[in-house]
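Asks: Supplied structure: entry.txt, compact mmCIF, C-alpha atoms.
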```txt
# COMPACT_ATOMS: atom_id res chain seq x y z
CA SER A 1493 13.39 28.27 33.57
CA LEU A 1494 12.02 27.68 30.11
CA GLY A 1495 8.36 28.15 29.40
CA ILE A 1496 6.09 25.36 28.20
CA ASP A 1497 6.18 26.61 24.61
CA ALA A 1498 9.99 26.79 24.59
CA GLU A 1499 10.29 23.27 25.99
CA ALA A 1500 7.85 21.97 23.39
CA GLU A 1501 9.84 23.62 20.60
CA ILE A 1502 13.09 22.12 21.88
CA SER A 1503 11.47 18.67 22.03
CA GLU A 1504 10.19 19.02 18.46
CA ASN A 1505 13.65 20.08 17.26
CA VAL A 1506 15.27 17.11 19.00
CA VAL A 1507 12.80 14.69 17.42
CA ARG A 1508 13.28 16.30 14.00
CA CYS A 1509 17.07 16.13 14.28
CA MET A 1510 16.94 12.49 15.35
CA ASN A 1511 14.68 11.64 12.41
CA GLU A 1512 17.01 13.43 10.00
CA LEU A 1513 20.01 11.64 11.50
CA GLY A 1514 18.26 8.29 11.17
CA LYS A 1515 17.42 8.97 7.54
CA SER A 1516 20.99 10.05 6.78
CA LEU A 1517 22.40 6.91 8.39
CA ASN A 1518 19.93 4.76 6.51
CA ASP A 1519 20.83 6.43 3.20
CA THR A 1520 24.54 5.96 3.90
CA LEU A 1521 24.13 2.28 4.76
CA GLU A 1522 21.95 1.76 1.67
CA THR A 1523 24.63 3.35 -0.54
CA ILE A 1524 27.33 1.15 1.00
CA MET A 1525 25.22 -1.97 0.47
CA VAL A 1526 24.50 -1.07 -3.15
CA GLU A 1527 28.16 -0.40 -3.92
CA ALA A 1528 29.23 -3.63 -2.23
CA MET A 1529 26.59 -5.58 -4.14
CA ALA A 1530 27.64 -4.07 -7.48
CA ARG A 1531 31.29 -4.89 -6.75
CA ASP A 1532 30.42 -8.48 -5.81
CA LEU A 1533 28.36 -8.83 -8.99
CA VAL A 1534 31.22 -7.63 -11.16
CA HIS A 1535 33.45 -10.31 -9.64
CA ASP A 1536 30.73 -13.02 -9.60
CA LEU A 1537 30.73 -13.16 -5.80
CA TYR A 1538 27.18 -12.08 -5.06
CA ARG A 1539 24.68 -14.68 -3.91
CA PRO A 1540 20.97 -13.80 -3.95
CA ASN A 1541 19.11 -13.71 -0.64
CA LYS A 1542 15.55 -14.60 -1.52
CA GLU A 1543 12.58 -13.88 0.69
CA ARG A 1544 8.84 -13.47 0.50
CA ILE A 1545 8.18 -9.94 -0.77
CA ASP A 1546 5.43 -7.52 -1.68
CA LEU A 1547 6.89 -6.36 -5.00
CA ALA A 1548 4.85 -3.15 -5.23
CA SER A 1549 6.02 -2.08 -1.76
CA VAL A 1550 9.65 -2.89 -2.56
CA LEU A 1551 9.60 -0.77 -5.73
CA SER A 1552 7.53 2.00 -4.15
CA GLY A 1553 10.38 2.58 -1.71
CA THR A 1554 12.77 2.97 -4.63
CA VAL A 1555 10.43 5.50 -6.25
CA ASP A 1556 10.40 7.59 -3.06
CA ASP A 1557 14.22 7.56 -2.86
CA VAL A 1558 14.74 8.65 -6.46
CA ALA A 1559 12.00 11.29 -6.28
CA ALA A 1560 13.67 12.85 -3.25
CA VAL A 1561 17.05 13.03 -5.01
CA SER A 1562 15.86 14.27 -8.40
CA ASN A 1563 13.17 16.67 -7.18
CA LEU A 1564 10.72 15.08 -9.56
CA THR A 1565 7.27 14.41 -8.20
CA ARG A 1566 5.64 12.40 -10.97
CA PHE A 1567 6.66 8.78 -10.49
CA PRO A 1568 3.42 6.79 -10.82
CA LEU A 1569 3.49 3.04 -10.20
CA ILE A 1570 0.73 0.75 -11.45
CA THR A 1571 0.28 -3.01 -11.19
CA ARG A 1572 -1.69 -5.52 -13.18
CA PRO A 1573 -3.39 -7.21 -11.43
CA SER A 1574 -3.89 -5.05 -8.38
CA PRO A 1575 -2.94 -6.15 -5.84
CA LEU A 1576 -0.13 -8.41 -7.00
CA PRO A 1577 0.46 -11.78 -5.31
CA MET A 1578 3.48 -12.21 -3.06
CA PHE A 1579 6.69 -13.40 -4.75
CA TYR A 1580 9.96 -15.05 -3.72
CA PHE A 1581 12.87 -12.87 -4.84
CA ASP A 1582 15.96 -11.09 -3.60
CA PRO A 1583 14.57 -7.59 -2.84
CA GLN A 1584 18.04 -6.04 -3.00
CA LEU A 1585 18.49 -7.06 -6.64
CA LEU A 1586 15.08 -5.70 -7.60
CA ARG A 1587 15.63 -2.42 -5.74
CA TYR A 1588 18.98 -1.87 -7.45
CA LEU A 1589 17.66 -2.68 -10.92
CA HIS A 1590 14.66 -0.42 -10.46
CA ARG A 1591 16.71 2.41 -8.99
CA GLN A 1592 19.16 2.28 -11.90
CA ALA A 1593 16.31 2.26 -14.42
CA LEU A 1594 14.66 5.26 -12.74
CA SER A 1595 17.95 7.15 -12.50
CA ASN A 1596 18.67 6.58 -16.19
CA ALA A 1597 15.14 7.68 -17.09
CA CYS A 1598 15.67 10.92 -15.15
CA LYS A 1599 19.11 11.50 -16.66
CA TYR A 1600 18.36 10.74 -20.30
CA GLY A 1601 14.60 11.36 -20.50
CA LYS A 1602 12.67 14.60 -20.61
CA ILE A 1603 13.73 16.94 -17.81
CA GLY A 1604 10.89 17.15 -15.31
CA GLY A 1605 8.88 14.57 -17.22
CA SER A 1606 6.94 11.77 -15.60
CA VAL A 1607 8.49 8.31 -15.26
CA LEU A 1608 6.01 5.45 -15.07
CA THR A 1609 6.72 2.09 -13.45
CA GLU A 1610 4.40 -0.61 -14.76
CA ILE A 1611 4.37 -4.10 -13.19
CA THR A 1612 2.48 -6.84 -15.02
CA PHE A 1613 2.12 -10.45 -13.89
CA ASP A 1614 0.84 -13.08 -16.32
CA ASP A 1615 -0.40 -16.00 -14.23
CA LYS A 1616 -1.05 -18.15 -17.31
CA HIS A 1617 2.57 -18.08 -18.43
CA ASN A 1618 4.10 -17.33 -14.99
CA THR A 1619 5.96 -14.27 -16.25
CA LEU A 1620 6.60 -10.98 -14.51
CA GLU A 1621 7.38 -7.82 -16.47
CA ILE A 1622 8.55 -4.54 -14.97
CA ASN A 1623 8.55 -1.58 -17.36
CA VAL A 1624 10.07 1.83 -16.61
CA ILE A 1625 8.78 4.31 -19.17
CA ASN A 1626 10.05 7.86 -19.68
CA MET A 1627 9.34 10.65 -22.13
CA PRO A 1628 11.90 11.49 -24.87
CA GLY A 1629 14.96 13.47 -23.85
CA GLN A 1630 17.77 15.15 -25.74
CA TYR A 1631 19.07 13.24 -28.78
CA HIS A 1632 16.15 10.81 -28.55
CA ASP A 1633 15.53 11.07 -32.28
CA ARG A 1634 19.05 9.83 -33.01
CA LEU A 1635 18.62 6.92 -30.62
CA VAL A 1636 15.44 5.96 -32.46
CA ALA A 1637 17.26 6.19 -35.78
CA MET A 1638 20.01 3.87 -34.51
CA GLY A 1639 17.39 1.26 -33.61
CA PRO A 1640 18.65 -2.16 -32.43
CA LYS A 1641 22.27 -1.01 -32.47
CA ALA A 1642 21.71 1.37 -29.53
CA GLU A 1643 19.26 -0.98 -27.79
CA GLU A 1644 21.79 -3.83 -27.77
CA ARG A 1645 24.88 -1.84 -26.82
CA VAL A 1646 23.22 -0.26 -23.81
CA PHE A 1647 24.02 -3.55 -22.06
CA PHE A 1648 27.55 -4.03 -23.43
CA LYS A 1649 30.34 -4.08 -20.89
CA GLY A 1650 32.40 -0.91 -20.97
CA TYR A 1651 29.93 1.15 -23.03
CA ARG A 1652 27.39 3.77 -22.04
CA ILE A 1653 25.04 6.19 -23.74
CA HIS A 1654 26.55 9.65 -23.55
CA ASP A 1655 24.97 13.07 -23.90
CA ARG A 1656 27.41 14.09 -26.62
CA PHE A 1657 27.49 12.63 -30.09
CA ILE A 1658 30.77 11.80 -31.77
CA ASN A 1659 30.84 13.94 -34.88
CA ASP A 1660 32.64 11.56 -37.21
CA THR A 1661 30.45 8.47 -36.57
CA ASP A 1662 26.78 7.61 -36.38
CA SER A 1663 27.19 6.36 -32.81
CA ILE A 1664 26.69 8.04 -29.45
CA LEU A 1665 28.51 5.21 -27.70
CA THR A 1666 31.68 6.18 -25.91
CA LYS A 1667 34.93 4.29 -26.25
CA LYS A 1668 35.45 1.37 -23.95
CA THR A 1669 36.25 2.55 -20.45
CA GLU A 1670 39.34 1.52 -18.51
CA SER A 1671 37.31 0.72 -15.40
CA THR A 1672 35.37 -2.49 -14.83
CA GLN A 1673 33.15 -0.75 -12.28
CA LEU A 1674 30.19 1.59 -12.51
CA PRO A 1675 29.60 3.96 -14.27
CA GLY A 1676 29.98 2.78 -17.85
CA ASP A 1677 29.10 -0.79 -16.98
CA GLY A 1678 25.71 0.06 -15.46
CA GLY A 1679 23.70 -1.64 -18.19
CA TRP A 1680 26.00 -4.65 -18.17
CA VAL A 1681 25.65 -5.05 -14.39
CA MET A 1682 21.87 -4.71 -14.67
CA GLN A 1683 21.84 -7.50 -17.24
CA LYS A 1684 23.94 -9.69 -14.93
CA MET A 1685 21.41 -9.08 -12.15
CA ALA A 1686 18.51 -9.96 -14.41
CA ARG A 1687 20.17 -13.21 -15.51
CA MET A 1688 20.87 -14.05 -11.88
CA MET A 1689 17.08 -14.06 -11.50
CA LYS A 1690 16.76 -16.07 -14.72
CA GLY A 1691 15.46 -13.02 -16.53
CA GLU A 1692 16.51 -10.45 -19.11
CA CYS A 1693 16.74 -6.68 -19.53
CA LYS A 1694 15.72 -4.90 -22.73
CA ILE A 1695 15.26 -1.32 -23.82
CA LYS A 1696 13.24 0.17 -26.66
CA PHE A 1697 13.69 3.68 -28.05
CA LEU A 1698 10.26 4.41 -29.54
CA GLU A 1699 9.11 7.60 -31.23
CA SER A 1700 7.23 8.92 -28.20
CA LYS A 1701 8.98 7.21 -25.28
CA THR A 1702 11.77 5.00 -23.98
CA VAL A 1703 10.78 1.69 -22.38
CA PHE A 1704 13.16 -0.27 -20.14
CA THR A 1705 11.88 -3.79 -19.46
CA LEU A 1706 12.88 -6.43 -16.94
CA SER A 1707 11.29 -9.81 -17.75
CA ILE A 1708 11.56 -12.72 -15.33
CA SER A 1709 9.83 -16.03 -14.70
CA ALA A 1710 7.77 -15.93 -11.53
CA LYS A 1711 5.19 -17.85 -9.59
CA PRO A 1712 3.21 -16.56 -6.60
CA TYR A 1713 4.92 -17.45 -3.34
CA GLU A 1714 2.03 -19.61 -2.16
CA SER A 1715 2.08 -21.77 -5.30
CA GLU A 1716 5.83 -22.31 -5.03
CA LYS A 1717 5.48 -23.90 -1.56
CA ILE A 1718 9.00 -22.71 -0.92
CA ARG A 1719 10.86 -23.92 2.14
CA THR A 1720 14.11 -22.48 3.31
CA PRO A 1721 16.98 -25.01 3.06
CA THR A 1722 18.60 -23.53 6.16
CA ASP A 1723 17.84 -24.88 9.61
CA VAL A 1724 17.41 -21.68 11.64
CA LYS A 1725 18.05 -23.57 14.89
CA THR A 1726 21.52 -24.72 13.85
CA PHE A 1727 22.54 -21.79 11.63
CA ARG A 1728 25.80 -20.05 12.56
CA LEU A 1729 27.46 -17.05 10.98
CA PRO A 1730 30.61 -17.87 8.99
CA PRO A 1731 33.96 -16.87 10.56
CA GLU A 1732 35.58 -13.49 9.88
CA ILE A 1733 32.25 -11.63 10.07
CA TRP A 1734 32.02 -8.58 12.30
CA GLY A 1735 28.81 -7.34 13.88
CA ILE A 1736 28.36 -3.84 15.29
CA GLY A 1737 25.40 -3.05 17.54
CA ILE A 1738 24.55 0.35 18.99
CA ASP A 1739 21.97 0.76 21.73
CA ASP A 1740 21.70 3.02 24.79
CA SER A 1741 19.72 0.49 26.79
CA ARG A 1742 21.77 -1.65 29.18
CA ILE A 1743 19.39 -4.55 28.76
CA GLN A 1744 19.65 -4.35 24.98
CA GLN A 1745 23.43 -4.08 25.25
CA LYS A 1746 23.54 -7.33 27.19
CA LEU A 1747 21.31 -8.99 24.61
CA LEU A 1748 23.50 -7.75 21.77
CA ALA A 1749 26.60 -9.01 23.54
CA LYS A 1750 24.90 -12.40 23.85
CA PHE A 1751 23.93 -12.42 20.18
CA PHE A 1752 27.47 -11.66 19.06
CA GLU A 1753 29.25 -14.14 21.32
```
Let me see whether you can do it: turn the structure in this file into structure tokens.

Replies:
Amino acid sequence: SLGIDAEAEISENVVRCMNELGKSLNDTLETIMVEAMARDLVHDLYRPNKERIDLASVLSGTVDDVAAVSNLTRFPLITRPSPLPMFYFDPQLLRYLHRQALSNACKYGKIGGSVLTEITFDDKHNTLEINVINMPGQYHDRLVAMGPKAEERVFFKGYRIHDRFINDTDSILTKKTESTQLPGDGGWVMQKMARMMKGECKIKFLESKTVFTLSISAKPYESEKIRTPTDVKTFRLPPEIWGIGIDDSRIQQKLLAKFFE
């Protein structure tokens, strides 16, 4: 028979493996959802799913995801005011926009440099501004020299900022891509997302930093007095939708079967 210490070690390993499996499944599902959302956006099929959200918490989760992937540890997030009020937005749109902005900052900014997320809410003008600020990376001086030309074309469909300059022109913009999907259309898709929230994306290549900005109109959730237009008592899922439930409890299995009838 196993000793107490051996049994405890086995239990710890089982718990650790289950946690790792859960995280892997969650990451996989998140990737699938993001890809599906981007595809729907490209074809104008996506419909926002708004809900009451804590914006700082939503974006903090994105920071943790990107930090784990990039091995960077300096991703500060500050809000003005602190704490922020609750808002009524589609969290999936905000997560995707923020994740793309962070990923671009890591890819094109200073390697190992800090990337700051700054959220500012102006209650007088009901505007919300999310800035993602990174330190200069390779070829930053040429981006600055290009000025508005680079800042505008970042969001053009079929163009992307590349890490190699074309020798015979003053542009670092690649030729139009054949694909209508990401990558290459990342900035264009981000702009579509912003406009879906009645906002706008901008980027500024300054001497000492790059600043990506998402600006949107916003009111605190409480002041909006928002009411869902859907009657939850009569709501039914549309046809042709599949639901998959996994549970090792017989009681839960019966409940799931009832839910999916």

Asks: Which protein, DNA or RNA residues are at most 9 Å from (13.5, -11.8, -9.8) in the file's coordinates when you count only C-alpha atoms, listed as a list in words?

Replies: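 Checking each residue against the 9 Å limit leaves Lys1542, Phe1579, Tyr1580, Phe1581, Asp1582, Pro1583, Leu1585, Leu1586, Leu1620, Met1685, Ala1686, Arg1687, Met1688, Met1689, Lys1690, Gly1691, Leu1706, Ser1707, Ile1708, Ser1709 and Ala1710 of chain A.
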
Asks: In Å, how far is it from CA of Glu1732 in chain A to CA of Ala1528 in chain A?

Replies: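 According to the coordinates, CA of Glu1732 in chain A and CA of Ala1528 in chain A are separated by 16.9 Å.
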
Asks: Between A:Pro1540, A:Val1646, A:Met1529, A:Pro1712, which is the closest to Thr1619 in chain A once you count only C-alpha atoms?

Replies: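 Closest residue, counting only C-alpha atoms: A:Pro1712.
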
Asks: Nearest residue to Lys1641 in chain A out of A:Trp1680, A:Phe1697, A:Gly1737, A:Asn1505, using only C-alpha atoms?

Replies: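 Of A:Trp1680, A:Phe1697, A:Gly1737, A:Asn1505, the one nearest Lys1641 in chain A, counting only C-alpha atoms, is A:Phe1697.
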
Asks: What is the CA of Lys1696 in chain A to CA of Ala1642 in chain A distance in Å?

Replies: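 Calculated distance between CA of Lys1696 in chain A and CA of Ala1642 in chain A is 9.0 Å.
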
Asks: May I have the residues within 12 Å of Gly1639 in chain A as an MDAnalysis selection string, using all atoms listed in the file and disregarding those fewer than 3 positions away in the same chain?

Replies: chainID A and resid 1632:1636 1642:1646 1662:1663 1695:1699 1702

Asks: CA of Asn1518 in chain A and CA of Met1578 in chain A, how far apart in Å?

Replies: 25.5 Å

Asks: Quick one: residues within 9 Å of Ala1593 in chain A, only C-alpha atoms counted, chain neighbours fewer than 3 positions away excluded, as JSON, numbers by chain?

Replies: {"A": [1588, 1589, 1590, 1596, 1597, 1598, 1624, 1682, 1704]}

Asks: Residues at most 8 Å from Ala1548 in chain A, counting only C-alpha atoms, excluding those fewer than 4 positions away in the same chain, as a PyMOL selection string?

Replies: chain A and resi 1552+1571+1576

Asks: Find the axis-aligned box for range 1503-1512 of chain A, covering all its listed atoms and adding 3 Å on each side, and write its centre and edge lengths in Å to one decimal as AutoDock Vina command-line options.

Replies:
```
--center_x 13.6 --center_y 15.9 --center_z 16.0 --size_x 12.9 --size_y 14.4 --size_z 18.0
```

Asks: Looking at A:Ser1549, A:Ser1700, A:Ser1516, A:Gln1584, which one is nearest to Lys1602 in chain A, with distances taken over only C-alpha atoms?

Replies: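 Distance minimum relative to Lys1602 in chain A lands on A:Ser1700.
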
Asks: With all atoms listed in the file as the counted atoms, please give the residues lying no more than 10 Å from Gly1601 in chain A, apart from itself and same-chain residues fewer than 5 positions off, as a short mmCIF file (atom, residue, chain, number, x, y, z; two decimals) with C-alpha atoms, keeping the file's coordinate frame.

Replies:
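Once everything was written out, this is out25.cif:
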```cif
data_model
loop_
_atom_site.label_atom_id
_atom_site.label_comp_id
_atom_site.auth_asym_id
_atom_site.auth_seq_id
_atom_site.Cartn_x
_atom_site.Cartn_y
_atom_site.Cartn_z
CA LEU A 1594 14.66 5.26 -12.74
CA SER A 1595 17.95 7.15 -12.50
CA ASN A 1596 18.67 6.58 -16.19
CA SER A 1606 6.94 11.77 -15.60
CA VAL A 1607 8.49 8.31 -15.26
CA ILE A 1625 8.78 4.31 -19.17
CA ASN A 1626 10.05 7.86 -19.68
CA MET A 1627 9.34 10.65 -22.13
CA PRO A 1628 11.90 11.49 -24.87
CA GLY A 1629 14.96 13.47 -23.85
CA GLN A 1630 17.77 15.15 -25.74
CA TYR A 1631 19.07 13.24 -28.78
CA HIS A 1632 16.15 10.81 -28.55
CA LYS A 1701 8.98 7.21 -25.28
CA THR A 1702 11.77 5.00 -23.98
#
```

Asks: May I have the protein, DNA and RNA residues with an atom at most 6 Å from (9.2, 4.7, -10.4), counting only C-alpha atoms in the file's coordinates, returned as a JSON list (two decimals) with C-alpha atoms, keeping the file's coordinate frame?

Replies:
```
[["chain", "number", "residue", "atom", "x", "y", "z"],
["A", 1555, "VAL", "CA", 10.43, 5.50, -6.25],
["A", 1567, "PHE", "CA", 6.66, 8.78, -10.49],
["A", 1569, "LEU", "CA", 3.49, 3.04, -10.20],
["A", 1594, "LEU", "CA", 14.66, 5.26, -12.74],
["A", 1608, "LEU", "CA", 6.01, 5.45, -15.07],
["A", 1609, "THR", "CA", 6.72, 2.09, -13.45]]
```
